[in-house]
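Contents: one structure, followed by commentary.
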Amino acid sequence: MSPFTKLLTLSGVRISAARAARRQYSSLTAELIENMDKKATWDRFYTESSSSTNTFKHFEWFFGFDAVRDFIMPLLQTKPHPDGLLQVLDMGCGTSALGPCIYRHSPLPVRVTCADISPIAVRLMREQVQTKAIQPHNLSSRLEFIELDCTQLHEHYGCSSVDLIVDKGTTDALLRSKEGKWKANQVLKQCLMVLRSSGSLLQFSDEDPDARLLWLETEAQEPGVMAADVGVQEVGELRGMTYYCYQVTPRSIV
Ligand SMILES: C[S@@+](CC[C@H](N)C(=O)[O-])C[C@H]1O[C@@H](n2cnc3c(N)ncnc32)[C@H](O)[C@@H]1O
């Protein structure tokens, strides 16, 4: 299924009978097909999807938190470092409820940072949590939304400071874009730099393991600089597509 078809199915957006709306929609999807690495594309996407309705609705790429909670929550069971909260990053969060759900359900104290290159998505999420206060399981937990280009994670995080990075569809979006491949490589390198040695990056994706594992195993190694272990598990099948969870864990360099 193409990203275009998937977008139609997953966003729940109905193609209206109105020709004008259809024309506007198809121009946006055409932009998305090739330019999912561009800030302007996503600004337009979140602006148009939020203006089509008066009530805020989370947009979920592929699926929501419930489909992946069993991959995420077991990784948040080791006690935080003496310096405080477990650091969790939802990378390219969009307007997904994934980050807020982790914040809500984690028994251990977490700081969940939801980061996106689109200031529109970040604003929508900030407004949403302001109007609908979420109670965390652990009262010390924190939730924040920041505008950040994830090819530049070092601008926000120090080396070895993050416990878990979740990426639902962001690397897929970069890898599928005409000019996004180098950005995907850069994002992966930045993740490995900011992750603690005990930390993990989880990529939720529909890309076949033959292609994704090869890419991860190639790009996550740089002799003398970085190395990582890579694994894959099936998330399941949804609307005829198989989805995967790729887990990348930094390996210390000898
Ligand atoms: C396919 S959407 C997935 C959104 C969300 N994770 C979800 O599950 O619904 C990809 C997201 O990545 C964001 N994005 C694209 N390039 C980015 C970058 N360089 N840094 C941060 N976010 C980026 C887009 O704005 C978009 O929200």
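Residue numbering restarts at 1 for every chain of the structure tokens, chains are lettered A, B, ... in their displayed order, and ligands are numbered from 1 as they appear.
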**Request:** Please provide as an MDAnalysis selection string all residues within 12 Å of Val88 of chain A, with the sequence filter that same-chain residues fewer than 6 positions apart are discarded (counting only C-alpha atoms).
**Result:** chainID A and resid 72:73 75:76 80 98:103 106 108:115 141:145 157 161:167 191 194:196 199:202
When DSSP is applied to the backbone of this structure, which of segment 146-208 of chain A are assigned strand (DSSP E or B)? Write them out as a PDB file with C-alpha atoms, in the first residue's frame.
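For reference, selection_30.pdb as written:
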ATOM      1  CA  ILE A 146       9.219  21.168  21.679  1.00  0.00           C
ATOM      2  CA  GLU A 147       9.948  22.279  18.157  1.00  0.00           C
ATOM      3  CA  VAL A 162      18.292   9.657  26.959  1.00  0.00           C
ATOM      4  CA  ASP A 163      16.804   6.319  28.055  1.00  0.00           C
ATOM      5  CA  LEU A 164      14.277   5.673  25.312  1.00  0.00           C
ATOM      6  CA  ILE A 165      13.544   7.128  21.885  1.00  0.00           C
ATOM      7  CA  VAL A 166      10.337   6.153  20.114  1.00  0.00           C
ATOM      8  CA  ASP A 167       9.922   6.831  16.430  1.00  0.00           C
ATOM      9  CA  LYS A 168       6.561   6.016  14.885  1.00  0.00           C
ATOM     10  CA  LEU A 195      21.130   7.457  24.061  1.00  0.00           C
ATOM     11  CA  ARG A 196      22.563   6.064  27.280  1.00  0.00           C
ATOM     12  CA  SER A 197      24.402   2.751  26.925  1.00  0.00           C
ATOM     13  CA  SER A 198      21.390   1.124  28.616  1.00  0.00           C
ATOM     14  CA  GLY A 199      18.955   2.947  26.322  1.00  0.00           C
ATOM     15  CA  SER A 200      17.063   1.958  23.172  1.00  0.00           C
ATOM     16  CA  LEU A 201      15.647   3.412  20.013  1.00  0.00           C
ATOM     17  CA  LEU A 202      12.371   1.852  18.843  1.00  0.00           C
ATOM     18  CA  GLN A 203      11.359   2.440  15.250  1.00  0.00           C
ATOM     19  CA  PHE A 204       7.801   1.455  14.345  1.00  0.00           C
ATOM     20  CA  SER A 205       7.648   0.881  10.632  1.00  0.00           C
TER      21      SER A 205
END
**Message:** Please identify all protein, DNA and RNA residues within 7 Å of ligand 1, counting only C-alpha atoms and all ligand atoms, and report them as an MDAnalysis selection string.
**Reply:** chainID A and resid 36:39 42 59:62 91:96 115:118 121 148:151 167:170 172:174 183
**Request:** Find, counting only C-alpha atoms, the residue in A:Tyr243, A:Trp182, A:Phe71, A:Phe56 that gets nearest to Val129 of chain A.
**Result:** A:Phe56
**Item:** Secondary structure check, helix (DSSP H, G or I) residues of segment 188-251 of chain A, as an MDAnalysis selection string
**Value:** chainID A and resid 188:194 209:219
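Distance check against Pro107 of chain A using only C-alpha atoms: of A:Leu139, A:Leu153, A:Glu127, A:Gln87, the minimum falls on A:Leu139.
If you look at atom CA of Gln221 of chain A and atom CA of Leu175 of chain A, they are 18.1 Å away from each other.
Nearest to Met125 of chain A of all the residues A:Gln233, A:Gln247, A:Ser50, A:Thr41 is A:Ser50, counting only C-alpha atoms.
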**Message:** Would you pick out the contacts of Gln135 of chain A at 7 Å or less, using only C-alpha atoms, so that residues sharing its chain but fewer than 2 positions from it are not included, and give the list as a ChimeraX atom specification?
**Reply:** /A:104,133,137
Selected residues, N, CA and C atoms, written as a JSON list (two decimals), in the first residue's frame, please.
[["chain", "number", "residue", "atom", "x", "y", "z"],
["A", 104, "ARG", "N", 1.25, 9.16, 30.86],
["A", 104, "ARG", "CA", 0.11, 8.79, 31.70],
["A", 104, "ARG", "C", 0.31, 7.41, 32.35],
["A", 133, "ALA", "N", -6.17, 18.37, 30.85],
["A", 133, "ALA", "CA", -5.05, 18.03, 31.72],
["A", 133, "ALA", "C", -4.96, 16.50, 31.89],
["A", 137, "HIS", "N", 0.65, 8.71, 35.97],
["A", 137, "HIS", "CA", 0.66, 7.63, 36.96],
["A", 137, "HIS", "C", 1.61, 8.00, 38.10]]
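Summary of the local environment: counting only C-alpha atoms, residues at most 9 Å from Trp215 of chain A, other than itself and those fewer than 5 positions away along its chain, are Asn185, Asp210 and Ala220 of chain A.
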The selected residues should be written to file as a JSON list (two decimals), in the first residue's frame (atoms: C-alpha atoms).
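Output contents, as saved in part.json:
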[["chain", "number", "residue", "atom", "x", "y", "z"],
["A", 185, "ASN", "CA", 21.11, 8.62, 8.45],
["A", 210, "ASP", "CA", 15.30, -7.24, 4.55],
["A", 220, "ALA", "CA", 24.64, 2.38, 12.95]]
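Distance-wise, atom CA of Leu192 of chain A and atom CA of Cys159 of chain A end up 8.8 Å apart.
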**Fill in**
Pairwise distance, atom CA of Asp70 of chain A with atom CA of Met241 of chain A, equals 19.5 Å
